[in-house]
file entry.txt (compact mmCIF, C-alpha atoms)
# COMPACT_ATOMS: atom_id res chain seq x y z
CA MET A 196 -43.84 37.16 9.62
CA ASP A 197 -43.30 36.75 13.36
CA LYS A 198 -44.77 33.28 13.23
CA ALA A 199 -42.27 32.23 10.51
CA LYS A 200 -39.33 33.50 12.54
CA SER A 201 -40.47 31.63 15.61
CA ILE A 202 -40.72 28.37 13.61
CA ILE A 203 -37.28 28.78 12.06
CA PHE A 204 -35.51 29.74 15.26
CA TYR A 205 -37.46 27.47 17.56
CA PRO A 206 -34.92 26.11 20.02
CA LEU A 207 -34.73 22.32 20.20
CA LYS A 208 -35.22 20.67 23.53
CA PHE A 209 -32.42 18.50 24.90
CA SER A 210 -34.44 15.31 24.41
CA ASN A 211 -35.08 16.22 20.75
CA LEU A 212 -31.33 16.71 20.21
CA ILE A 213 -30.65 13.24 21.56
CA LYS A 214 -33.32 11.74 19.27
CA LEU A 215 -31.86 13.62 16.31
CA LYS A 216 -28.39 12.36 17.19
CA TYR A 217 -29.62 8.75 17.23
CA ILE A 218 -31.38 9.21 13.89
CA PHE A 219 -28.13 10.46 12.32
CA ILE A 220 -26.20 7.53 13.82
CA ILE A 221 -28.74 5.04 12.46
CA ILE A 222 -28.64 6.64 9.00
CA ALA A 223 -24.82 6.57 9.05
CA LEU A 224 -24.84 2.88 10.02
CA ILE A 225 -27.32 2.01 7.27
CA LEU A 226 -25.20 3.85 4.69
CA ALA A 227 -22.02 2.13 5.92
CA ILE A 228 -23.64 -1.30 5.70
CA ALA A 229 -25.06 -0.57 2.23
CA TYR A 230 -21.65 0.57 0.99
CA SER A 231 -19.96 -2.53 2.44
CA VAL A 232 -22.44 -4.80 0.70
CA TYR A 233 -22.04 -2.93 -2.60
CA ALA A 234 -18.22 -3.00 -2.41
CA GLY A 235 -18.20 -6.70 -1.55
CA ILE A 236 -20.53 -7.65 -4.37
CA SER A 237 -18.77 -5.54 -6.99
CA LYS A 238 -15.36 -7.07 -6.14
CA SER A 239 -16.56 -10.67 -6.10
CA ALA A 240 -18.95 -10.47 -9.04
CA VAL A 241 -17.39 -11.83 -12.23
CA TYR A 242 -19.18 -11.56 -15.55
CA TYR A 243 -18.45 -14.42 -17.88
CA TYR A 244 -17.80 -14.06 -21.59
CA ARG A 245 -18.08 -16.34 -24.58
CA VAL A 246 -14.89 -16.84 -26.61
CA SER A 247 -16.28 -14.74 -29.48
CA GLU A 248 -16.97 -11.84 -27.08
CA ILE A 249 -13.30 -11.72 -26.07
CA TYR A 250 -12.41 -10.79 -29.65
CA GLN A 251 -15.29 -8.33 -30.11
CA LYS A 252 -15.08 -6.35 -26.86
CA GLN A 253 -12.30 -4.69 -24.88
CA VAL A 254 -12.20 -7.11 -21.99
CA LYS A 255 -10.41 -6.24 -18.78
CA SER A 256 -7.40 -8.42 -18.09
CA GLU A 257 -8.18 -9.03 -14.44
CA ASN A 258 -10.41 -11.75 -13.08
CA ILE A 259 -12.69 -12.97 -15.88
CA LYS A 260 -14.61 -16.11 -16.77
CA VAL A 261 -14.70 -17.44 -20.32
CA SER A 262 -17.04 -20.12 -21.60
CA GLY A 263 -16.19 -22.29 -24.58
CA ILE A 264 -15.67 -25.80 -25.94
CA VAL A 265 -12.35 -27.61 -25.37
CA LYS A 266 -10.87 -27.94 -28.86
CA LYS A 267 -10.21 -31.49 -29.98
CA GLY A 268 -6.50 -32.36 -30.09
CA SER A 269 -5.40 -29.25 -28.19
CA VAL A 270 -4.93 -30.71 -24.70
CA LEU A 271 -1.26 -30.94 -23.63
CA LYS A 272 -0.72 -32.36 -20.15
CA ASP A 273 2.54 -31.83 -18.32
CA MET A 274 3.56 -32.73 -14.78
CA SER A 275 2.87 -29.24 -13.47
CA LYS A 276 0.41 -27.71 -15.94
CA VAL A 277 -2.20 -28.32 -18.58
CA GLU A 278 -2.49 -26.35 -21.81
CA PHE A 279 -5.53 -26.47 -24.06
CA LYS A 280 -7.61 -24.26 -26.31
CA ILE A 281 -11.24 -23.32 -25.88
CA SER A 282 -13.18 -22.31 -28.95
CA GLU A 283 -16.47 -21.01 -30.19
CA ASN A 284 -17.22 -20.98 -33.92
CA ASP A 285 -13.90 -19.97 -35.53
CA LYS A 286 -12.43 -18.11 -32.51
CA GLU A 287 -10.16 -19.75 -29.94
CA ILE A 288 -8.17 -18.89 -26.81
CA LYS A 289 -5.23 -20.75 -25.33
CA VAL A 290 -5.61 -21.70 -21.65
CA ILE A 291 -2.79 -22.53 -19.24
CA TYR A 292 -3.86 -24.15 -15.96
CA ASN A 293 -1.78 -25.26 -12.98
CA GLY A 294 -3.87 -27.64 -10.95
CA ILE A 295 -5.95 -30.76 -10.97
CA LEU A 296 -8.48 -31.00 -13.77
CA PRO A 297 -12.10 -31.85 -12.95
CA ASP A 298 -13.13 -35.47 -13.60
CA ALA A 299 -15.58 -34.43 -16.31
CA PHE A 300 -12.91 -32.49 -18.28
CA SER A 301 -12.57 -33.81 -21.82
CA GLU A 302 -12.18 -32.64 -25.39
CA ASP A 303 -15.34 -31.37 -27.11
CA ASN A 304 -16.85 -30.61 -23.70
CA GLU A 305 -18.05 -27.19 -22.56
CA VAL A 306 -15.99 -25.51 -19.83
CA ILE A 307 -16.02 -22.24 -17.93
CA VAL A 308 -12.50 -21.04 -17.17
CA GLU A 309 -11.79 -18.32 -14.61
CA GLY A 310 -8.49 -16.47 -14.43
CA PHE A 311 -6.26 -13.69 -15.76
CA PHE A 312 -6.49 -12.92 -19.49
CA ASP A 313 -3.40 -11.68 -21.37
CA ARG A 314 -4.89 -9.60 -24.20
CA ASN A 315 -1.67 -9.36 -26.20
CA ASP A 316 -0.95 -13.09 -26.44
CA LYS A 317 -4.62 -14.22 -26.19
CA ILE A 318 -3.74 -16.54 -23.29
CA LEU A 319 -5.97 -17.17 -20.30
CA TYR A 320 -4.03 -18.14 -17.16
CA ALA A 321 -6.69 -20.15 -15.36
CA LYS A 322 -7.11 -20.43 -11.63
CA SER A 323 -10.26 -22.58 -11.80
CA ILE A 324 -12.10 -24.70 -14.35
CA LEU A 325 -15.74 -25.76 -14.28
CA THR A 326 -16.96 -28.45 -16.66
CA LYS A 327 -20.38 -29.24 -17.99
CA CYS A 328 -21.33 -32.88 -18.17
CA PRO A 329 -24.61 -33.12 -20.10
CA SER A 330 -24.62 -36.92 -20.22
CA ARG A 331 -25.33 -37.14 -16.49
CA TYR A 332 -28.30 -34.79 -16.60
CA GLU A 333 -30.00 -35.41 -19.93
CA LYS A 334 -32.77 -37.96 -20.34
CA PHE A 335 -31.75 -41.20 -22.00
CA ASN A 336 -33.18 -41.60 -25.49
CA ASN A 337 -34.59 -45.09 -26.06
call {"tool": "encode", "arguments": {"input": "entry.txt", "output": "C-alpha cells"}}
result
Amino acid sequence: MDKAKSIIFYPLKFSNLIKLKYIFIIIALILAIAYSVYAGISKSAVYYYRVSEIYQKQVKSENIKVSGIVKKGSVLKDMSKVEFKISENDKEIKVIYNGILPDAFSEDNEVIVEGFFDRNDKILYAKSILTKCPSRYEKFNN
C-alpha cells in the first residue's frame, strides 16, 4: 500500500515538467494542423452528381457539380450569358452561365457544371464548365 502511494504522489522533477510541457505543445500543434487540413479539405471538396441523382436525392443548394449531356437544340447564347439544358436519360436541368464557354463545348457533348443549384426552379447557376472531348483522346478507327 505504501508503495502505491509513493508512485501516485511521486513529485515530478523540474526537467520532467519541462519535457511534459513540450509534449503537450507538440500534441496541440499536431491537433491544430490536423484540424486545419480537415477543415480545408471539407470546404473545398465538391461531390459531383449525375442529372438523375439531382431528382432522386435531396441535394444541397450550395456549391455542387453536375455531370450530364448538353441537350441538342437547348443552347441559347446571349451577349452576357448562355442558357442550355443538361440531360441524362429523361431527366434534365436548365443551366445559366455567365462567362466564356470552353472551346470544346457543343451540343450532345458531356459537361461537368459547377455552381449553385436552385431546387425549386431546377436551375443550376454555373460558375464553371468543364467539357469532355472524346474525339481528341480516342483511337482512330480505320
call {"tool": "closest_residue", "arguments": {"input": "entry.txt", "among": "A:Ile249, A:Ile318, A:Leu271, A:Ile264", "to": "Val306 in chain A", "atoms": "all atoms listed in the file"}}
result
A:Ile264
call {"tool": "atom_distance", "arguments": {"input": "entry.txt", "atom1": "CA of Lys266 in chain A", "atom2": "CA of Lys280 in chain A"}}
result
5.5 Å
call {"tool": "residues_around", "arguments": {"input": "entry.txt", "residues": "Val290 in chain A", "least_positions_apart": "4", "cutoff": "9 Å", "atoms": "all atoms listed in the file", "output": "list in words"}}
result
Val277, Glu278, Phe279, Lys280, Ile281, Val308, Lys317, Ile318, Leu319, Tyr320 and Ala321 of chain A
call {"tool": "atom_distance", "arguments": {"input": "entry.txt", "atom1": "CA of Lys327 in chain A", "atom2": "CA of Glu305 in chain A"}}
result
5.5 Å
call {"tool": "residues_around", "arguments": {"input": "entry.txt", "residues": "Leu296 in chain A", "least_positions_apart": "6", "cutoff": "9 Å", "atoms": "all atoms listed in the file", "output": "PDB file with C-alpha atoms, in the coordinates of the input"}}
result
ATOM      1  CA  VAL A 277      -2.200 -28.320 -18.580  1.00  0.00           C
ATOM      2  CA  SER A 323     -10.260 -22.580 -11.800  1.00  0.00           C
ATOM      3  CA  ILE A 324     -12.100 -24.700 -14.350  1.00  0.00           C
ATOM      4  CA  LEU A 325     -15.740 -25.760 -14.280  1.00  0.00           C
TER       5      LEU A 325
END
call {"tool": "atom_distance", "arguments": {"input": "entry.txt", "atom1": "CA of Val261 in chain A", "atom2": "CA of Ser275 in chain A"}}
result
22.2 Å
call {"tool": "axis_aligned_box", "arguments": {"input": "entry.txt", "around": "range 226-245 of chain A", "padding_each_side": "6 Å", "output": "lines of an AutoDock Vina configuration file"}}
result
center_x = -20.3
center_y = -6.2
center_z = -9.3
size_x = 21.8
size_y = 32.2
size_z = 42.5
call {"tool": "closest_residue", "arguments": {"input": "entry.txt", "among": "A:Ser262, A:Asn304, A:Ser247, A:Ser210", "to": "Lys286 in chain A", "atoms": "only C-alpha atoms"}}
result
A:Ser247
call {"tool": "closest_residue", "arguments": {"input": "entry.txt", "among": "A:Val270, A:Val246, A:Ile213, A:Ile220", "to": "Ile307 in chain A", "atoms": "all atoms listed in the file"}}
result
A:Val246
call {"tool": "closest_residue", "arguments": {"input": "entry.txt", "among": "A:Asn315, A:Gly235, A:Glu283, A:Glu309", "to": "Glu257 in chain A", "atoms": "only C-alpha atoms"}}
result
A:Glu309
